[in-house]
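The next block holds one structure in the form of C-alpha cells; read it before the comments.
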Amino acid sequence: MKVLSVASEVFPLIKTGGLADVAGALPAALEPFDISVTTFVPGYRQVMQQLKKATELYRFSDLFGVPARLLSASRHGLDLIVLDCPILFDRDGGPYGDDTGQDWPDNWRRFAAFSFAAAECAQGRAGDYRADLIHVHDWQAAMTPAYLRYAMTDPLPSVITIHNIAFQGQFAASVFGELRMPPNAMNMDGIEYYGGVGFLKAGLQAASAITTVSPTYAQEIRQPEFGMGLEGLINARAADVYGIVNGIDTEVWNPRTDPHLRCTYKPSSLKRRRENRVAVEERFGIDHDDGLLLCVVSRLSWQKGLDILADALDGIVALGCKLVVLGSGDNQIEQAFVAATERHPGRIGIVTGYDEPLSHLMQGGADALLVPSRFEPCGLTQLYGLRYGCIPIVARTGGLSDTVIDHNHAAAISGVATGFQFSPLTPEALIHAVRRAITTFRDDKVWSSMQRRGMRSDVSWARSAEGYARLFQSLLQDRT
Ligand code: ADP
C-alpha cells in the first residue's frame with residue numbers, strides 16, 4: 001500500500017512539536033506491514049538546506065498565483081516529496097511565524113497551497129507518484145482531503161490525525177474566494193466555520209477516518225470543554241473516530257546507553273540511578289537527603305496545569321519532598337516557581353530554557369515526574385518517565401490516563417501499577433497524589449517493582465504503527 005503522509009513538520013528535518021515525531025517515526029514503523037509511506041512536506045528554508053540530491057517531479061506554473069515545484073528526495077531514511085515554493089516557504093523564522101513568534105499573515109495561503117499540491121500529487125496529477133491512501137496531520141494539511149473530496153467523484157481514502165485540537169486554522173470568510181474550492185464548499189457541511197473558514201474543520205468533515213493520539217482524548221474532544229468548538233462535528237462523526245497512542249524513540253530514550261546520564265542502568269541495576277539523582281541535585285542546588293525527588297520537564301503553559309502545581313508547592317515541600325523544574329514559556333508561571341525557590345532554598349530548583357540533555361538526566365535521576373496537565377492529547381514525558389523508572393504522577397486526562405496505570409487498590413493487589421493518577425486538577429488532589437507516592441516510595445520493594453514494570457512496558461512505535469496499519473487496511477478494503 002502506498003500512503004502519502006502530508007505533514008507540515010517531520011523529524012528530524014523540521015520540528016516544533018509532537019506532530020513532527022509522529023510523522024518522522026511512522027514511515028519506518030509501518031514498513032513491516034507492507035505500507036510504504038512517502039512524506040509530503042513544505043520546502044522551508046531549513047528543509048531545502050538539508051536536501052542533498054533531489055529530482056524534479058513536477059512544475060506548477062501557477063500554484064495559488066506563484067510558481068512551485070515538487071521535488072522527490074530521500075533523507076534520514078524518509079522518502080520525501082518537497083513542495084519547493086520559495087515565495088511561500090523560503091523565509092527566516094519558524095514554520096508558522098517570524099522570529100518574534102508572530103504568525104505569518106498569509107498562513108492560510110501557504111497551507112491551502114500546500115494541501116492543494118498534496119491533493120494533486122496523491123491523485124497522480126502532478127508527476128508520476130500516485131497514492132492509495134492519504135494520511136494528513138493537523139490543520140496545516142487538513143485541506144488535502146477537502147480538495148480531494150471536491151475534485152474526485154470517488155475520492156482516495158483519507159485519514160486525518162489531530163495532534164492538538166486547540167489549533168484549528170481558522171480564517172476570515174474573505175479568503176474563501178482564493179481557495180480554489182467550488183462555491184458549494186462554503187457551507188456547514190464543507191469548509192464554513194463560525195462564519196469564517198476552518199481548515200481543520202474542513203478536513204474533519206472530508207476525511208474517511210479521524211484519529212487522535214490517545215483513546216481518552218478521542219472521547220474528551222466530544223465535549224465542549226475539550227472540543228474547542230469542534231465537539232459537535234466530532235460527535236457527528238463518532239463512528240469514524242479512533243484513538244491511537246503515540247510511541248517514543250526507544251533508541252534515543254534508552255537508560256542503558258543514554259550518553260546524557262552520569263550513570264547508565266537497566267531494570268536489574270536500579271541502584272545505579274542514585275548517581276544521576278546526585279547529579280540532578282547538584283545541578284539544581286538541591287539538598288542530598290532521602291526526600292522524594294520530583295521533577296517537571298515541560299512547557300510552562302496553562303495547558304500543562306503548572307499554575308496549579310505552583311499553588312501546591314508549599315504543601316509538597318511540607319511533605320518533605322524536593323522538586324526540580326525544567327521549562328520555559330509563560331512568564332507568570334516561571335515567576336511563581338522562582339519565588340518558590342527563594343522561599344524553599346535547597347528544596348525547589350528551576351532551570352529555565354530548553355535543555356534536551358538535562359531533560360534526560362532528570363528522567364534518569366529523579367524519583368518521580370509530575371504532569372498536572374489540564375488536557376493532554378497524548379504526552380511524551382510520562383512515556384520517558386516509564387522507560388527511565390521515573391514514576392509518573394499524572395492528571396487523569398487524555399493520553400496520561402491511557403498510558404499510566406494508577407496505583408489504586410486493585411492495581412496494587414494485581415501488581416500492575418506503573419504510576420499515580422489524580423483528579424480533579426486542584427492543588428489539594430495533587431498534594432494527595434504526592435502523599436500516596438511518598439507512602440509507596442518508603443516501601444522500596446513495591447517502589448522498585450513499579451519502576452521495573454514501567455521500564456519493561458512497551459512504549460515503542462511498533463504498537464502504535466499496528467493501530468494505524470489496521471485502520472489503513474480497513475479503509476482500503478472498504479473501497480474495493
Ligand atoms: P507538548 O508537545 O504538549 O509540549 P509532550 O509531553 O507531548 O508535550 O512533549 C514535550 C516534549 O518536549 C518532551 O520530549 C519533553 O521532554 C520536551 N521538553 C519540554 N520542555 C522542555 C525543556 N524545557 N527542555 C527540554 N525538553 C523539554
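Residue names in the C-alpha cells use chain letters A, B, ... in the order shown, residue numbers from 1 in each chain, and ligand numbers from 1 in the order shown.
Every protein, DNA or RNA residue with an atom at most 8 Å from A:Arg479, where only C-alpha atoms count and chain neighbours fewer than 3 positions away do not, is listed here: Pro157, Leu475 and Leu476 of chain A.
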Could you turn the residues from that selection into a file that holds all heavy atoms, as a tab-separated table (two decimals), in the first residue's frame?
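Saved as selection-v8.tsv:
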chain	number	residue	atom	x	y	z
A	157	PRO	N	-9.20	7.16	-0.12
A	157	PRO	CA	-9.41	7.08	1.32
A	157	PRO	C	-8.42	8.00	2.05
A	157	PRO	O	-7.27	8.14	1.61
A	157	PRO	CB	-9.13	5.62	1.67
A	157	PRO	CG	-8.93	4.91	0.40
A	157	PRO	CD	-8.77	5.89	-0.71
A	475	LEU	N	-9.71	0.74	5.60
A	475	LEU	CA	-10.26	1.76	4.70
A	475	LEU	C	-10.08	1.36	3.24
A	475	LEU	O	-10.95	1.60	2.41
A	475	LEU	CB	-9.58	3.12	4.95
A	475	LEU	CG	-9.90	3.77	6.31
A	475	LEU	CD1	-9.08	5.03	6.50
A	475	LEU	CD2	-11.39	4.10	6.41
A	476	LEU	N	-8.94	0.73	2.96
A	476	LEU	CA	-8.72	0.30	1.56
A	476	LEU	C	-9.68	-0.83	1.19
A	476	LEU	O	-10.21	-0.88	0.08
A	476	LEU	CB	-7.29	-0.19	1.39
A	476	LEU	CG	-6.28	0.82	0.85
A	476	LEU	CD1	-5.02	0.11	0.37
A	476	LEU	CD2	-6.85	1.65	-0.29
### Task
Report as a PyMOL selection string: the residues of stretch 392-472 of chain A with a DSSP assignment of helix (DSSP H, G or I), based on the backbone of this structure.
chain A and resi 398-403+409-414+427-441+444-456+461-472
### Message
DSSP on the backbone, strand (DSSP E or B) only: what residues of stretch 389-456 of chain A does that give? Format it as a PyMOL selection string.
### Response
chain A and resi 391-395+406+419-422
Dump of all heavy atoms for the selected residues, as a PDB file, in the first residue's frame:
ATOM      1  N   ILE A 391       8.905   7.502  38.164  1.00  0.00           N
ATOM      2  CA  ILE A 391       7.471   7.160  38.261  1.00  0.00           C
ATOM      3  C   ILE A 391       6.575   8.370  37.947  1.00  0.00           C
ATOM      4  O   ILE A 391       6.671   9.409  38.601  1.00  0.00           O
ATOM      5  CB  ILE A 391       7.152   6.666  39.680  1.00  0.00           C
ATOM      6  CG1 ILE A 391       8.038   5.479  40.034  1.00  0.00           C
ATOM      7  CG2 ILE A 391       5.654   6.378  39.848  1.00  0.00           C
ATOM      8  CD1 ILE A 391       7.542   4.123  39.686  1.00  0.00           C
ATOM      9  N   PRO A 392       5.691   8.239  36.955  1.00  0.00           N
ATOM     10  CA  PRO A 392       4.837   9.380  36.614  1.00  0.00           C
ATOM     11  C   PRO A 392       3.672   9.575  37.591  1.00  0.00           C
ATOM     12  O   PRO A 392       2.995   8.611  37.956  1.00  0.00           O
ATOM     13  CB  PRO A 392       4.286   9.019  35.220  1.00  0.00           C
ATOM     14  CG  PRO A 392       4.943   7.743  34.809  1.00  0.00           C
ATOM     15  CD  PRO A 392       5.511   7.104  36.029  1.00  0.00           C
ATOM     16  N   ILE A 393       3.482  10.825  37.996  1.00  0.00           N
ATOM     17  CA  ILE A 393       2.312  11.221  38.798  1.00  0.00           C
ATOM     18  C   ILE A 393       1.543  12.190  37.898  1.00  0.00           C
ATOM     19  O   ILE A 393       2.020  13.294  37.617  1.00  0.00           O
ATOM     20  CB  ILE A 393       2.742  11.923  40.100  1.00  0.00           C
ATOM     21  CG1 ILE A 393       3.669  11.016  40.923  1.00  0.00           C
ATOM     22  CG2 ILE A 393       1.513  12.338  40.918  1.00  0.00           C
ATOM     23  CD1 ILE A 393       4.249  11.675  42.178  1.00  0.00           C
ATOM     24  N   VAL A 394       0.391  11.759  37.381  1.00  0.00           N
ATOM     25  CA  VAL A 394      -0.228  12.495  36.275  1.00  0.00           C
ATOM     26  C   VAL A 394      -1.687  12.845  36.539  1.00  0.00           C
ATOM     27  O   VAL A 394      -2.386  12.134  37.277  1.00  0.00           O
ATOM     28  CB  VAL A 394      -0.165  11.658  34.955  1.00  0.00           C
ATOM     29  CG1 VAL A 394       1.275  11.293  34.618  1.00  0.00           C
ATOM     30  CG2 VAL A 394      -1.002  10.381  35.056  1.00  0.00           C
ATOM     31  N   ALA A 395      -2.133  13.923  35.933  1.00  0.00           N
ATOM     32  CA  ALA A 395      -3.559  14.245  35.948  1.00  0.00           C
ATOM     33  C   ALA A 395      -4.301  13.186  35.136  1.00  0.00           C
ATOM     34  O   ALA A 395      -3.777  12.687  34.129  1.00  0.00           O
ATOM     35  CB  ALA A 395      -3.785  15.621  35.345  1.00  0.00           C
ATOM     36  N   ASP A 406      -2.720   3.593  37.362  1.00  0.00           N
ATOM     37  CA  ASP A 406      -2.753   4.151  38.718  1.00  0.00           C
ATOM     38  C   ASP A 406      -2.548   3.058  39.777  1.00  0.00           C
ATOM     39  O   ASP A 406      -3.093   1.961  39.667  1.00  0.00           O
ATOM     40  CB  ASP A 406      -4.111   4.838  38.941  1.00  0.00           C
ATOM     41  CG  ASP A 406      -4.182   5.474  40.316  1.00  0.00           C
ATOM     42  OD1 ASP A 406      -3.213   6.166  40.692  1.00  0.00           O
ATOM     43  OD2 ASP A 406      -5.191   5.276  41.017  1.00  0.00           O
ATOM     44  N   GLY A 419       2.262   3.957  38.069  1.00  0.00           N
ATOM     45  CA  GLY A 419       2.374   5.350  38.493  1.00  0.00           C
ATOM     46  C   GLY A 419       1.163   5.764  39.286  1.00  0.00           C
ATOM     47  O   GLY A 419       0.452   4.916  39.860  1.00  0.00           O
ATOM     48  N   PHE A 420       0.904   7.066  39.303  1.00  0.00           N
ATOM     49  CA  PHE A 420      -0.211   7.609  40.088  1.00  0.00           C
ATOM     50  C   PHE A 420      -1.000   8.578  39.224  1.00  0.00           C
ATOM     51  O   PHE A 420      -0.413   9.386  38.496  1.00  0.00           O
ATOM     52  CB  PHE A 420       0.327   8.339  41.330  1.00  0.00           C
ATOM     53  CG  PHE A 420       1.120   7.441  42.239  1.00  0.00           C
ATOM     54  CD1 PHE A 420       2.483   7.245  42.021  1.00  0.00           C
ATOM     55  CD2 PHE A 420       0.507   6.758  43.277  1.00  0.00           C
ATOM     56  CE1 PHE A 420       3.221   6.403  42.830  1.00  0.00           C
ATOM     57  CE2 PHE A 420       1.236   5.898  44.100  1.00  0.00           C
ATOM     58  CZ  PHE A 420       2.598   5.729  43.873  1.00  0.00           C
ATOM     59  N   GLN A 421      -2.321   8.478  39.321  1.00  0.00           N
ATOM     60  CA  GLN A 421      -3.194   9.440  38.637  1.00  0.00           C
ATOM     61  C   GLN A 421      -3.960  10.226  39.684  1.00  0.00           C
ATOM     62  O   GLN A 421      -4.257   9.697  40.760  1.00  0.00           O
ATOM     63  CB  GLN A 421      -4.208   8.714  37.761  1.00  0.00           C
ATOM     64  CG  GLN A 421      -3.602   7.914  36.629  1.00  0.00           C
ATOM     65  CD  GLN A 421      -4.684   7.332  35.723  1.00  0.00           C
ATOM     66  OE1 GLN A 421      -5.885   7.508  35.954  1.00  0.00           O
ATOM     67  NE2 GLN A 421      -4.269   6.655  34.672  1.00  0.00           N
ATOM     68  N   PHE A 422      -4.318  11.455  39.339  1.00  0.00           N
ATOM     69  CA  PHE A 422      -5.178  12.207  40.251  1.00  0.00           C
ATOM     70  C   PHE A 422      -6.185  13.032  39.479  1.00  0.00           C
ATOM     71  O   PHE A 422      -5.985  13.377  38.317  1.00  0.00           O
ATOM     72  CB  PHE A 422      -4.355  13.095  41.201  1.00  0.00           C
ATOM     73  CG  PHE A 422      -3.605  14.190  40.502  1.00  0.00           C
ATOM     74  CD1 PHE A 422      -4.181  15.446  40.331  1.00  0.00           C
ATOM     75  CD2 PHE A 422      -2.328  13.976  40.025  1.00  0.00           C
ATOM     76  CE1 PHE A 422      -3.479  16.460  39.685  1.00  0.00           C
ATOM     77  CE2 PHE A 422      -1.633  14.978  39.376  1.00  0.00           C
ATOM     78  CZ  PHE A 422      -2.206  16.227  39.206  1.00  0.00           C
TER      79      PHE A 422
END
Could you name the residues that touch A:Leu57 at 9 Å or less, counting only C-alpha atoms, but leaving out those on the same chain fewer than 3 positions away, as a compact mmCIF listing (two decimals) with N, CA, C and O atoms, in the first residue's frame?
# COMPACT_ATOMS: atom_id res chain seq x y z
N ARG A 69 7.51 23.89 -7.43
CA ARG A 69 7.95 22.59 -7.96
C ARG A 69 7.75 21.51 -6.89
O ARG A 69 7.82 21.80 -5.70
N LEU A 70 7.54 20.29 -7.34
CA LEU A 70 7.59 19.15 -6.42
C LEU A 70 8.93 18.46 -6.64
O LEU A 70 9.29 18.15 -7.78
N LEU A 71 9.65 18.24 -5.55
CA LEU A 71 10.94 17.55 -5.62
C LEU A 71 10.85 16.23 -4.87
O LEU A 71 10.25 16.17 -3.79
N SER A 72 11.44 15.23 -5.46
CA SER A 72 11.47 13.93 -4.79
C SER A 72 12.87 13.72 -4.23
O SER A 72 13.87 13.98 -4.91
N ILE A 81 8.48 14.00 -0.66
CA ILE A 81 8.14 14.88 -1.77
C ILE A 81 8.05 16.27 -1.14
O ILE A 81 7.29 16.49 -0.19
N ALA A 126 0.27 15.28 -10.60
CA ALA A 126 1.45 16.14 -10.52
C ALA A 126 2.69 15.25 -10.45
O ALA A 126 3.26 15.06 -9.40
N GLY A 127 3.05 14.69 -11.60
CA GLY A 127 4.19 13.78 -11.63
C GLY A 127 3.72 12.35 -11.59
O GLY A 127 2.52 12.07 -11.62
N ASP A 128 4.70 11.43 -11.49
CA ASP A 128 4.31 10.03 -11.65
C ASP A 128 4.03 9.32 -10.33
O ASP A 128 3.90 8.11 -10.28
N TYR A 129 3.93 10.06 -9.23
CA TYR A 129 3.56 9.43 -7.95
C TYR A 129 2.03 9.37 -7.85
O TYR A 129 1.34 10.31 -8.25
Quick one: contact table of chain A to ligand 1, 6 Å max, nearest atom pair and distance in Å to one decimal per residue, counting only C-alpha atoms and all ligand atoms, chain and number order, as CSV?
residue,atom,partner,partner_atom_place_in_ligand_line,distance
A:Gly17,CA,ligand 1,2 (O),5.1
A:Gly18,CA,ligand 1,2 (O),5.0
A:Val297,CA,ligand 1,20 (N),5.2
A:Ser298,CA,ligand 1,20 (N),3.8
A:Arg299,CA,ligand 1,20 (N),4.7
A:Leu326,CA,ligand 1,23 (N),5.0
A:Gly327,CA,ligand 1,23 (N),3.5
A:Ser328,CA,ligand 1,23 (N),5.3
A:Gly353,CA,ligand 1,23 (N),5.1
A:Tyr354,CA,ligand 1,24 (N),3.5
A:Asp355,CA,ligand 1,24 (N),4.0
A:Glu356,CA,ligand 1,25 (C),4.2
A:Ser359,CA,ligand 1,25 (C),5.1
A:Gly379,CA,ligand 1,7 (O),3.6
A:Leu380,CA,ligand 1,6 (O),3.8
A:Thr381,CA,ligand 1,6 (O),4.5
What does the file look like for those residues with N, CA, C and O atoms, as a PDB file, in the first residue's frame?
ATOM      1  N   GLY A  17       6.867  20.407  17.358  1.00  0.00           N
ATOM      2  CA  GLY A  17       6.046  19.681  18.340  1.00  0.00           C
ATOM      3  C   GLY A  17       5.932  18.199  18.014  1.00  0.00           C
ATOM      4  O   GLY A  17       6.612  17.683  17.114  1.00  0.00           O
ATOM      5  N   GLY A  18       5.035  17.543  18.741  1.00  0.00           N
ATOM      6  CA  GLY A  18       4.893  16.091  18.660  1.00  0.00           C
ATOM      7  C   GLY A  18       4.479  15.587  17.287  1.00  0.00           C
ATOM      8  O   GLY A  18       4.789  14.459  16.913  1.00  0.00           O
ATOM      9  N   VAL A 297       9.397  18.409  33.528  1.00  0.00           N
ATOM     10  CA  VAL A 297      10.048  18.831  32.274  1.00  0.00           C
ATOM     11  C   VAL A 297       8.915  19.222  31.349  1.00  0.00           C
ATOM     12  O   VAL A 297       8.159  18.360  30.884  1.00  0.00           O
ATOM     13  N   SER A 298       8.777  20.525  31.087  1.00  0.00           N
ATOM     14  CA  SER A 298       7.537  20.916  30.408  1.00  0.00           C
ATOM     15  C   SER A 298       7.602  22.328  29.846  1.00  0.00           C
ATOM     16  O   SER A 298       8.357  23.170  30.328  1.00  0.00           O
ATOM     17  N   ARG A 299       6.761  22.566  28.846  1.00  0.00           N
ATOM     18  CA  ARG A 299       6.445  23.955  28.510  1.00  0.00           C
ATOM     19  C   ARG A 299       5.721  24.530  29.721  1.00  0.00           C
ATOM     20  O   ARG A 299       4.881  23.843  30.315  1.00  0.00           O
ATOM     21  N   LEU A 326      12.357  21.982  34.928  1.00  0.00           N
ATOM     22  CA  LEU A 326      12.998  22.458  33.693  1.00  0.00           C
ATOM     23  C   LEU A 326      11.882  22.882  32.754  1.00  0.00           C
ATOM     24  O   LEU A 326      11.012  22.070  32.408  1.00  0.00           O
ATOM     25  N   GLY A 327      11.888  24.149  32.355  1.00  0.00           N
ATOM     26  CA  GLY A 327      10.816  24.571  31.457  1.00  0.00           C
ATOM     27  C   GLY A 327      10.994  26.002  30.988  1.00  0.00           C
ATOM     28  O   GLY A 327      11.817  26.749  31.511  1.00  0.00           O
ATOM     29  N   SER A 328      10.204  26.331  30.004  1.00  0.00           N
ATOM     30  CA  SER A 328      10.200  27.715  29.538  1.00  0.00           C
ATOM     31  C   SER A 328       8.818  28.021  28.994  1.00  0.00           C
ATOM     32  O   SER A 328       8.062  27.107  28.645  1.00  0.00           O
ATOM     33  N   GLY A 353      14.481  27.508  30.201  1.00  0.00           N
ATOM     34  CA  GLY A 353      15.040  27.312  28.867  1.00  0.00           C
ATOM     35  C   GLY A 353      14.790  25.893  28.409  1.00  0.00           C
ATOM     36  O   GLY A 353      14.161  25.098  29.126  1.00  0.00           O
ATOM     37  N   TYR A 354      15.270  25.582  27.218  1.00  0.00           N
ATOM     38  CA  TYR A 354      15.092  24.245  26.647  1.00  0.00           C
ATOM     39  C   TYR A 354      16.430  23.531  26.707  1.00  0.00           C
ATOM     40  O   TYR A 354      17.415  24.019  26.161  1.00  0.00           O
ATOM     41  N   ASP A 355      16.499  22.413  27.389  1.00  0.00           N
ATOM     42  CA  ASP A 355      17.777  21.716  27.585  1.00  0.00           C
ATOM     43  C   ASP A 355      17.551  20.204  27.481  1.00  0.00           C
ATOM     44  O   ASP A 355      17.210  19.545  28.457  1.00  0.00           O
ATOM     45  N   GLU A 356      17.734  19.699  26.275  1.00  0.00           N
ATOM     46  CA  GLU A 356      17.478  18.273  25.995  1.00  0.00           C
ATOM     47  C   GLU A 356      18.343  17.348  26.886  1.00  0.00           C
ATOM     48  O   GLU A 356      17.805  16.449  27.532  1.00  0.00           O
ATOM     49  N   SER A 359      17.090  17.222  30.357  1.00  0.00           N
ATOM     50  CA  SER A 359      15.806  16.516  30.492  1.00  0.00           C
ATOM     51  C   SER A 359      16.050  15.008  30.607  1.00  0.00           C
ATOM     52  O   SER A 359      15.372  14.315  31.360  1.00  0.00           O
ATOM     53  N   GLY A 379       0.959  13.183  25.200  1.00  0.00           N
ATOM     54  CA  GLY A 379       2.004  13.410  26.201  1.00  0.00           C
ATOM     55  C   GLY A 379       3.152  12.456  25.955  1.00  0.00           C
ATOM     56  O   GLY A 379       2.941  11.270  25.670  1.00  0.00           O
ATOM     57  N   LEU A 380       4.366  12.990  26.028  1.00  0.00           N
ATOM     58  CA  LEU A 380       5.550  12.150  25.833  1.00  0.00           C
ATOM     59  C   LEU A 380       6.329  11.967  27.124  1.00  0.00           C
ATOM     60  O   LEU A 380       6.891  10.908  27.378  1.00  0.00           O
ATOM     61  N   THR A 381       6.345  13.025  27.959  1.00  0.00           N
ATOM     62  CA  THR A 381       7.258  12.962  29.113  1.00  0.00           C
ATOM     63  C   THR A 381       6.917  11.790  30.036  1.00  0.00           C
ATOM     64  O   THR A 381       7.816  11.184  30.611  1.00  0.00           O
TER      65      THR A 381
END
### Task
Can you pull out every residue within 8 Å of stretch 2-4 of chain A, counting only C-alpha atoms, but drop anything in the same chain fewer than 3 positions away, and send it as a list in words?
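Once the nearby chain positions are removed, what remains is Ile35, Ser36, Val37, Thr38, Thr39, Phe40, Ala122, Arg130, Ala131, Asp132, Leu133, Ile134 and His135 of chain A.
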For stretch 238-249 of chain A, list every protein, DNA or RNA residue within 6 Å, evaluated using only C-alpha atoms, and leave out those in the same chain fewer than 5 positions away; present the list as a PDB file with C-alpha atoms, in the first residue's frame.
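New file selection.pdb:
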ATOM      1  CA  ALA A 209     -11.470   8.488   9.279  1.00  0.00           C
ATOM      2  CA  ILE A 210     -10.277  10.695  12.105  1.00  0.00           C
ATOM      3  CA  THR A 211      -7.598   9.700  14.572  1.00  0.00           C
ATOM      4  CA  THR A 212      -6.205  11.411  17.584  1.00  0.00           C
ATOM      5  CA  VAL A 213      -3.267  10.464  19.728  1.00  0.00           C
ATOM      6  CA  SER A 214      -4.979   8.624  22.582  1.00  0.00           C
ATOM      7  CA  PRO A 215      -8.336   6.861  23.113  1.00  0.00           C
ATOM      8  CA  ALA A 218     -10.686  10.876  21.333  1.00  0.00           C
ATOM      9  CA  VAL A 459       6.184   2.366  24.723  1.00  0.00           C
ATOM     10  CA  SER A 460       7.688   1.835  21.257  1.00  0.00           C
ATOM     11  CA  TRP A 461       6.213   2.829  17.921  1.00  0.00           C
TER      12      TRP A 461
END
### Query
Which neighbours of A:Gly232 fall inside 12 Å, counting only C-alpha atoms, when residues of the same chain fewer than 5 positions from it are skipped, and could you give them as number ranges by chain?
A: 188, 193, 201, 204-205, 221-227, 237-238
### Task
Excluding A:Ile431 and residues on its chain fewer than 3 positions from it, collect all residues at most 7 Å away from it, counting only C-alpha atoms, and give them as a PyMOL selection string.
chain A and resi 312+315-316+427-428+434-435
#### Entry: For atom CA of A:Ile438 and atom CA of A:Ala339, the interatomic separation in Å (one decimal)
24.6 Å
